[in-house]
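Text of the file start-v1.cif, holding mmCIF, C-alpha atoms:
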data_data
#
loop_
_atom_site.label_atom_id
_atom_site.label_comp_id
_atom_site.auth_asym_id
_atom_site.auth_seq_id
_atom_site.Cartn_x
_atom_site.Cartn_y
_atom_site.Cartn_z
CA MET J 780 -19.96 26.59 -153.37
CA THR J 781 -23.10 25.37 -155.14
CA GLU J 782 -23.46 24.76 -158.86
CA ARG J 783 -26.06 27.53 -158.95
CA SER J 784 -23.74 30.10 -157.34
CA GLU J 785 -20.90 29.06 -159.69
CA THR J 786 -23.23 29.72 -162.62
CA ALA J 787 -24.23 33.11 -161.20
CA ASP J 788 -20.58 34.01 -160.70
CA ALA J 789 -19.78 33.00 -164.28
CA LEU J 790 -22.59 35.19 -165.61
CA VAL J 791 -21.24 38.20 -163.73
CA GLU J 792 -17.69 37.48 -164.86
CA ALA J 793 -18.83 37.28 -168.49
CA ALA J 794 -20.74 40.55 -168.12
CA ASP J 795 -17.65 42.13 -166.52
CA ARG J 796 -15.47 41.04 -169.46
CA LEU J 797 -17.79 42.63 -172.02
CA LEU J 798 -18.25 45.82 -170.00
CA GLU J 799 -14.51 46.21 -169.55
CA ALA J 800 -13.94 45.78 -173.28
CA ALA J 801 -16.50 48.49 -174.03
CA ARG J 802 -15.06 50.88 -171.46
CA ASP J 803 -11.41 50.32 -172.43
CA GLY J 804 -12.02 50.18 -176.18
CA LYS J 805 -10.13 46.88 -176.40
CA PRO J 806 -11.95 43.83 -177.81
CA CYS J 807 -11.95 40.80 -175.53
CA ALA J 808 -11.91 37.03 -175.87
CA PRO J 809 -15.25 35.27 -176.46
CA VAL J 810 -17.37 34.69 -173.37
CA ARG J 811 -18.54 31.23 -174.46
CA GLU J 812 -15.39 29.77 -172.88
CA MET J 813 -16.63 31.06 -169.51
CA LEU J 814 -20.08 29.51 -170.00
CA PRO J 815 -19.39 26.12 -171.64
CA LEU J 816 -22.94 24.83 -171.12
CA GLY J 817 -24.54 28.12 -172.04
CA THR J 818 -27.60 28.57 -174.25
CA ALA J 819 -29.25 31.64 -175.74
CA GLU J 820 -31.00 32.18 -172.40
CA THR J 821 -27.61 32.18 -170.70
CA GLY J 822 -26.59 34.94 -173.09
CA TYR J 823 -29.71 36.95 -172.26
CA ALA J 824 -28.92 36.56 -168.54
CA VAL J 825 -25.49 38.11 -169.17
CA GLN J 826 -27.07 40.83 -171.32
CA GLU J 827 -29.56 41.64 -168.57
CA ILE J 828 -26.79 42.12 -166.01
CA ASN J 829 -25.22 44.85 -168.13
CA THR J 830 -28.64 46.30 -169.03
CA ARG J 831 -29.42 46.78 -165.33
CA ARG J 832 -25.97 48.25 -164.75
CA ALA J 833 -26.55 50.73 -167.59
CA LEU J 834 -29.92 51.79 -166.19
CA HIS J 835 -28.41 52.15 -162.71
CA ASP J 836 -25.76 54.44 -164.22
CA GLY J 837 -28.46 56.68 -165.69
CA ARG J 838 -28.59 55.50 -169.29
CA ARG J 839 -32.10 55.63 -170.80
CA LEU J 840 -33.65 52.68 -172.61
CA VAL J 841 -35.28 53.88 -175.86
CA GLY J 842 -35.87 50.72 -177.87
CA ARG J 843 -34.65 47.35 -179.07
CA LYS J 844 -32.79 45.93 -182.05
CA ILE J 845 -33.51 42.63 -183.73
CA GLY J 846 -30.56 40.67 -185.04
CA LEU J 847 -30.04 37.43 -186.95
CA THR J 848 -33.00 38.05 -189.26
CA SER J 849 -31.04 36.85 -192.29
CA PRO J 850 -31.32 33.10 -193.04
CA ALA J 851 -27.68 33.10 -194.15
CA VAL J 852 -26.48 34.52 -190.84
CA GLN J 853 -28.74 32.14 -188.92
CA ARG J 854 -27.17 29.21 -190.76
CA GLN J 855 -23.71 30.57 -190.01
CA LEU J 856 -24.40 30.59 -186.25
CA GLY J 857 -26.48 27.42 -186.28
CA VAL J 858 -29.73 29.00 -185.08
CA ASP J 859 -33.29 29.14 -186.36
CA GLN J 860 -34.53 32.37 -184.78
CA PRO J 861 -33.47 36.01 -184.35
CA ASP J 862 -32.06 37.63 -181.22
CA PHE J 863 -32.56 41.03 -179.59
CA GLY J 864 -30.55 43.72 -177.85
CA MET J 865 -31.21 46.96 -175.99
CA LEU J 866 -31.02 50.45 -177.49
CA PHE J 867 -30.06 53.32 -175.21
CA ALA J 868 -30.44 57.04 -175.88
CA ASP J 869 -26.67 57.59 -176.02
CA MET J 870 -26.46 55.12 -178.92
CA ALA J 871 -28.64 57.35 -181.14
CA HIS J 872 -26.93 59.83 -183.48
CA PRO J 873 -28.50 62.55 -185.65
CA ASP J 874 -28.94 62.04 -189.37
CA GLY J 875 -25.90 63.40 -191.21
CA LEU J 876 -23.92 64.57 -188.17
CA PRO J 877 -20.55 63.00 -187.28
CA ILE J 878 -20.47 59.88 -185.13
CA PRO J 879 -17.36 59.90 -182.91
CA ALA J 880 -15.14 56.99 -183.93
CA GLY J 881 -13.75 56.55 -180.43
CA GLY J 882 -16.88 54.92 -179.06
CA LEU J 883 -16.83 52.01 -181.51
CA LEU J 884 -14.50 49.01 -181.65
CA GLN J 885 -15.20 47.00 -184.83
CA PRO J 886 -18.15 48.77 -186.48
CA LYS J 887 -20.16 47.64 -189.47
CA ALA J 888 -23.12 49.46 -191.06
CA GLU J 889 -26.41 47.98 -192.21
CA ALA J 890 -29.64 49.56 -193.46
CA GLU J 891 -32.90 48.78 -191.69
CA ILE J 892 -36.53 49.77 -191.28
CA ALA J 893 -37.28 51.27 -187.87
CA LEU J 894 -40.70 51.21 -186.22
CA VAL J 895 -41.67 53.72 -183.53
CA LEU J 896 -44.46 52.60 -181.21
CA LYS J 897 -47.45 54.53 -179.89
CA ALA J 898 -48.76 51.77 -177.60
CA ASP J 899 -47.31 49.25 -175.15
CA LEU J 900 -46.90 45.60 -176.14
CA VAL J 901 -46.97 43.90 -172.76
CA GLY J 902 -48.04 40.32 -172.22
CA GLY J 903 -49.07 38.60 -175.43
CA PRO J 904 -49.10 36.52 -177.47
CA PHE J 905 -49.31 39.15 -180.19
CA THR J 906 -50.41 38.99 -183.80
CA VAL J 907 -49.30 41.12 -186.72
CA ALA J 908 -52.56 43.10 -186.33
CA ASP J 909 -51.62 43.88 -182.72
CA VAL J 910 -48.23 45.16 -183.82
CA ILE J 911 -49.67 47.23 -186.67
CA ARG J 912 -52.06 48.92 -184.24
CA ALA J 913 -49.14 49.67 -181.92
CA VAL J 914 -46.94 51.29 -184.61
CA ASP J 915 -47.01 55.08 -184.78
CA PHE J 916 -44.69 55.58 -187.76
CA VAL J 917 -41.80 54.16 -189.75
CA LEU J 918 -38.32 55.59 -190.33
CA PRO J 919 -35.30 54.56 -192.38
CA ALA J 920 -32.35 53.62 -190.20
CA ILE J 921 -28.70 52.73 -190.33
CA GLU J 922 -27.61 50.47 -187.51
CA ILE J 923 -23.93 50.36 -186.64
CA VAL J 924 -23.38 46.88 -185.30
CA ASP J 925 -20.28 46.39 -183.19
CA SER J 926 -18.67 43.58 -181.25
CA ARG J 927 -16.76 43.77 -178.02
CA ILE J 928 -15.34 40.34 -178.94
CA ALA J 929 -12.07 40.35 -180.86
CA GLY J 930 -12.29 39.61 -184.57
CA TRP J 931 -16.05 39.10 -184.45
CA ASP J 932 -15.29 35.55 -183.25
CA ILE J 933 -18.84 34.95 -182.07
CA THR J 934 -21.39 32.23 -181.52
CA LEU J 935 -25.04 32.81 -180.66
CA LEU J 936 -24.15 32.86 -176.96
CA ASP J 937 -21.44 35.49 -177.50
CA THR J 938 -23.54 37.89 -179.56
CA VAL J 939 -26.60 37.65 -177.30
CA ALA J 940 -24.48 38.26 -174.20
CA ASP J 941 -22.88 41.22 -176.02
CA ASN J 942 -26.24 42.99 -176.38
CA ALA J 943 -26.81 41.39 -179.79
CA SER J 944 -23.65 43.13 -181.06
CA SER J 945 -25.27 46.56 -180.79
CA GLY J 946 -23.18 49.67 -181.34
CA ALA J 947 -25.10 52.76 -182.45
CA PHE J 948 -27.91 53.80 -184.77
CA VAL J 949 -29.09 56.70 -186.92
CA LEU J 950 -32.74 57.38 -187.73
CA GLY J 951 -34.12 59.39 -190.63
CA ASN J 952 -36.03 62.56 -189.82
CA THR J 953 -39.23 62.16 -191.86
CA PRO J 954 -41.81 59.81 -190.30
CA VAL J 955 -44.04 57.78 -192.59
CA GLY J 956 -47.27 56.01 -191.66
CA LEU J 957 -47.75 52.29 -192.28
CA ARG J 958 -50.95 52.80 -194.28
CA GLY J 959 -50.31 52.09 -197.95
CA LEU J 960 -46.75 50.82 -197.40
CA ASP J 961 -45.73 47.33 -198.45
CA LEU J 962 -42.58 46.92 -196.39
CA ARG J 963 -41.95 43.46 -197.80
CA LEU J 964 -41.34 44.89 -201.27
CA ALA J 965 -39.51 48.03 -200.11
CA GLY J 966 -36.19 48.07 -201.92
CA MET J 967 -33.03 49.29 -200.18
CA THR J 968 -29.81 50.71 -201.57
CA MET J 969 -26.92 51.82 -199.37
CA ASN J 970 -24.00 53.85 -200.72
CA ARG J 971 -20.63 54.68 -199.19
CA GLY J 972 -19.17 57.86 -200.56
CA GLY J 973 -21.60 57.64 -203.48
CA ARG J 974 -20.68 54.05 -204.37
CA GLU J 975 -23.24 51.27 -203.92
CA VAL J 976 -22.16 48.81 -201.21
CA SER J 977 -25.35 47.02 -200.12
CA THR J 978 -28.78 46.29 -201.59
CA GLY J 979 -31.81 44.35 -200.43
CA ALA J 980 -35.49 44.58 -199.60
CA GLY J 981 -37.92 44.14 -196.75
CA ALA J 982 -38.43 40.48 -197.62
CA ALA J 983 -34.85 39.80 -196.47
CA CYS J 984 -35.94 40.52 -192.89
CA LEU J 985 -37.76 37.30 -191.84
CA GLY J 986 -39.88 37.64 -194.97
CA HIS J 987 -41.31 40.97 -193.75
CA PRO J 988 -40.09 43.52 -191.16
CA LEU J 989 -43.42 43.19 -189.32
CA ASN J 990 -42.74 39.47 -188.89
CA ALA J 991 -39.58 40.42 -187.03
CA ALA J 992 -41.49 42.93 -184.90
CA VAL J 993 -44.11 40.31 -183.96
CA TRP J 994 -41.33 37.91 -182.96
CA LEU J 995 -39.77 40.61 -180.79
CA ALA J 996 -43.06 41.61 -179.14
CA ASN J 997 -43.71 37.99 -178.21
CA ALA J 998 -40.13 37.44 -177.03
CA LEU J 999 -40.26 40.49 -174.76
CA GLY J 1000 -43.92 40.54 -173.71
CA GLY J 1001 -43.40 38.49 -170.57
CA ARG J 1002 -39.90 39.75 -169.67
CA ASP J 1003 -38.86 42.60 -167.39
CA PHE J 1004 -38.31 45.01 -170.30
CA PRO J 1005 -41.27 44.70 -172.71
CA LEU J 1006 -41.88 47.09 -175.59
CA LEU J 1007 -43.50 50.36 -174.52
CA ALA J 1008 -45.01 53.39 -176.26
CA GLY J 1009 -42.26 55.56 -177.72
CA ASP J 1010 -39.82 52.70 -178.17
CA VAL J 1011 -37.80 52.36 -181.38
CA VAL J 1012 -37.60 48.92 -182.95
CA LEU J 1013 -34.80 48.26 -185.44
CA THR J 1014 -36.32 45.35 -187.34
CA GLY J 1015 -33.19 43.85 -188.92
CA ALA J 1016 -30.83 44.22 -191.84
CA LEU J 1017 -32.23 44.51 -195.37
CA GLY J 1018 -28.90 43.73 -197.00
CA PRO J 1019 -25.28 42.82 -196.24
CA MET J 1020 -23.45 44.71 -193.50
CA VAL J 1021 -20.43 46.76 -194.52
CA PRO J 1022 -17.25 47.44 -192.46
CA VAL J 1023 -16.87 51.06 -191.35
CA GLU J 1024 -13.68 53.14 -191.58
CA PRO J 1025 -13.07 56.64 -190.15
CA GLY J 1026 -14.29 59.26 -192.59
CA ASP J 1027 -16.89 57.02 -194.23
CA VAL J 1028 -20.24 58.52 -195.21
CA PHE J 1029 -23.09 56.06 -195.72
CA GLU J 1030 -26.47 56.92 -197.21
CA ALA J 1031 -29.31 54.41 -197.28
CA HIS J 1032 -32.51 54.83 -199.30
CA ILE J 1033 -35.55 52.62 -198.70
CA ASP J 1034 -38.40 52.85 -201.21
CA GLY J 1035 -41.48 54.48 -199.69
CA VAL J 1036 -39.70 55.09 -196.39
CA GLY J 1037 -36.98 57.63 -197.18
CA SER J 1038 -33.27 58.18 -196.73
CA VAL J 1039 -30.82 58.41 -193.86
CA ARG J 1040 -27.10 59.20 -193.60
CA ALA J 1041 -24.44 58.00 -191.15
CA VAL J 1042 -21.23 60.05 -191.06
CA PHE J 1043 -18.14 58.79 -189.26
CA SER J 1044 -15.61 61.28 -187.95
#
Could I get this structure in the form of structure tokens?
Amino acid sequence: MTERSETADALVEAADRLLEAARDGKPCAPVREMLPLGTAETGYAVQEINTRRALHDGRRLVGRKIGLTSPAVQRQLGVDQPDFGMLFADMAHPDGLPIPAGGLLQPKAEAEIALVLKADLVGGPFTVADVIRAVDFVLPAIEIVDSRIAGWDITLLDTVADNASSGAFVLGNTPVGLRGLDLRLAGMTMNRGGREVSTGAGAACLGHPLNAAVWLANALGGRDFPLLAGDVVLTGALGPMVPVEPGDVFEAHIDGVGSVRAVFS
């Protein structure tokens, strides 16, 4: 057996471990032990295996999420750039309607600014002007991050392989145009049951949510799944993530963008 085939086998085995954890609802051991020489690109190779499996099974790709936009989290994982994961239609939940608890393993909620595109971003390199022209409207969002890896015991390799620790997301229902918005200064407050649990602003997301979107467009422009018209982009957390318990009701308000609620059954 060649070194290359051993590596390919290890990628599939890592993808199998994560997929089994998701299907069984039982968190698994980290995958980094299966890929001892792995890099971020190794993680994306594992992620792509499960992305292609999901598409083969009929799931619909509707966007991307950007993770690791906080300098503090980057320092924690020893990285100097964000990561990305795939968003599928069955991960989206309506504003204010119950999210079934059974589909999540170790959920945490964070408030974000979502961009919805009206034009493809294929190729590149892209500038912030290119991204602004491609944005149709902005929505407030709550992302429910989740980890298939027990105890959130993750490195960069683990979280990238695990679809950037994606779980679910909720979008607000009132679109807002970019014109006149200063997303860098947009303040965010998130409450749980009426009690404040997270605050922040657009500047916490790589200095500006559009900076994160430019990074993503350039990261994806030459890959097999670039950003396309209609895609949702979750640009990254504006404040600390908060653990989720059954029965929790979160409401996030972002200045100039609006409000959104995530309700957990």
What are the closest atom pairs, with distances in Å to one decimal, for all residues of segment 794-830 of chain J lying within 10 Å of segment 847-870 of chain J? Consider all atoms listed in the file, order rows by chain and residue number, and present the result as a Markdown table.
| residue | atom | partner | partner_atom | distance |
| --- | --- | --- | --- | --- |
| J:Ala819 | CA | J:Asp862 | CA | 8.6 |
| J:Tyr823 | CA | J:Gly864 | CA | 8.8 |
| J:Gln826 | CA | J:Gly864 | CA | 7.9 |
| J:Glu827 | CA | J:Met865 | CA | 9.3 |
| J:Thr830 | CA | J:Met865 | CA | 7.4 |
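Note that atom CA of Gly875 of chain J and atom CA of Leu797 of chain J are 29.4 Å apart.
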_What's around Glu889 of chain J at 12 Å? Count all atoms listed in the file, leave out sequence neighbours fewer than 5 positions away in its own chain, and write the answer as number ranges by chain._
J: 846, 919-925, 945-949, 967-971, 976-979, 1013-1023, 1029-1032, 1039-1041
*Could you spell out the hits of the PyMOL selection byres ((chain J and resi 932) around 12) on the shown file, as a list of chain:residue names?*
J:Pro806, J:Cys807, J:Ala808, J:Pro809, J:Val810, J:Arg811, J:Glu812, J:Gln855, J:Leu856, J:Gln885, J:Asp925, J:Ser926, J:Arg927, J:Ile928, J:Ala929, J:Gly930, J:Trp931, J:Ile933, J:Thr934, J:Leu935, J:Leu936, J:Asp937, J:Thr938, J:Asp941, J:Ser944
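Counting all atoms listed in the file, the residue from J:Leu999, J:Leu964, J:Ala801, J:Ala789 that sits nearest to Gly881 of chain J is J:Ala801.
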*From J:Ala893, J:Ala800, J:Cys984, J:Ala992, residue lying nearest Pro954 of chain J [only C-alpha atoms]*: J:Ala893
What are the closest atom pairs, with distances in Å to one decimal, for each residue of segment 824-869 of chain J lying within 12 Å of segment 895-904 of chain J, using only C-alpha atoms, rows by chain and rising residue number, as a tab-separated table?
residue	atom	partner	partner_atom	distance
J:Val841	CA	J:Val895	CA	10.0
J:Gly842	CA	J:Val895	CA	8.6
J:Arg843	CA	J:Val895	CA	10.5
J:Lys844	CA	J:Val895	CA	11.9
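Shortest atom-to-atom contact with Glu891 of chain J among J:Ala991, J:Ala940, J:Val907, J:Leu790: J:Ala991, counting all atoms listed in the file.
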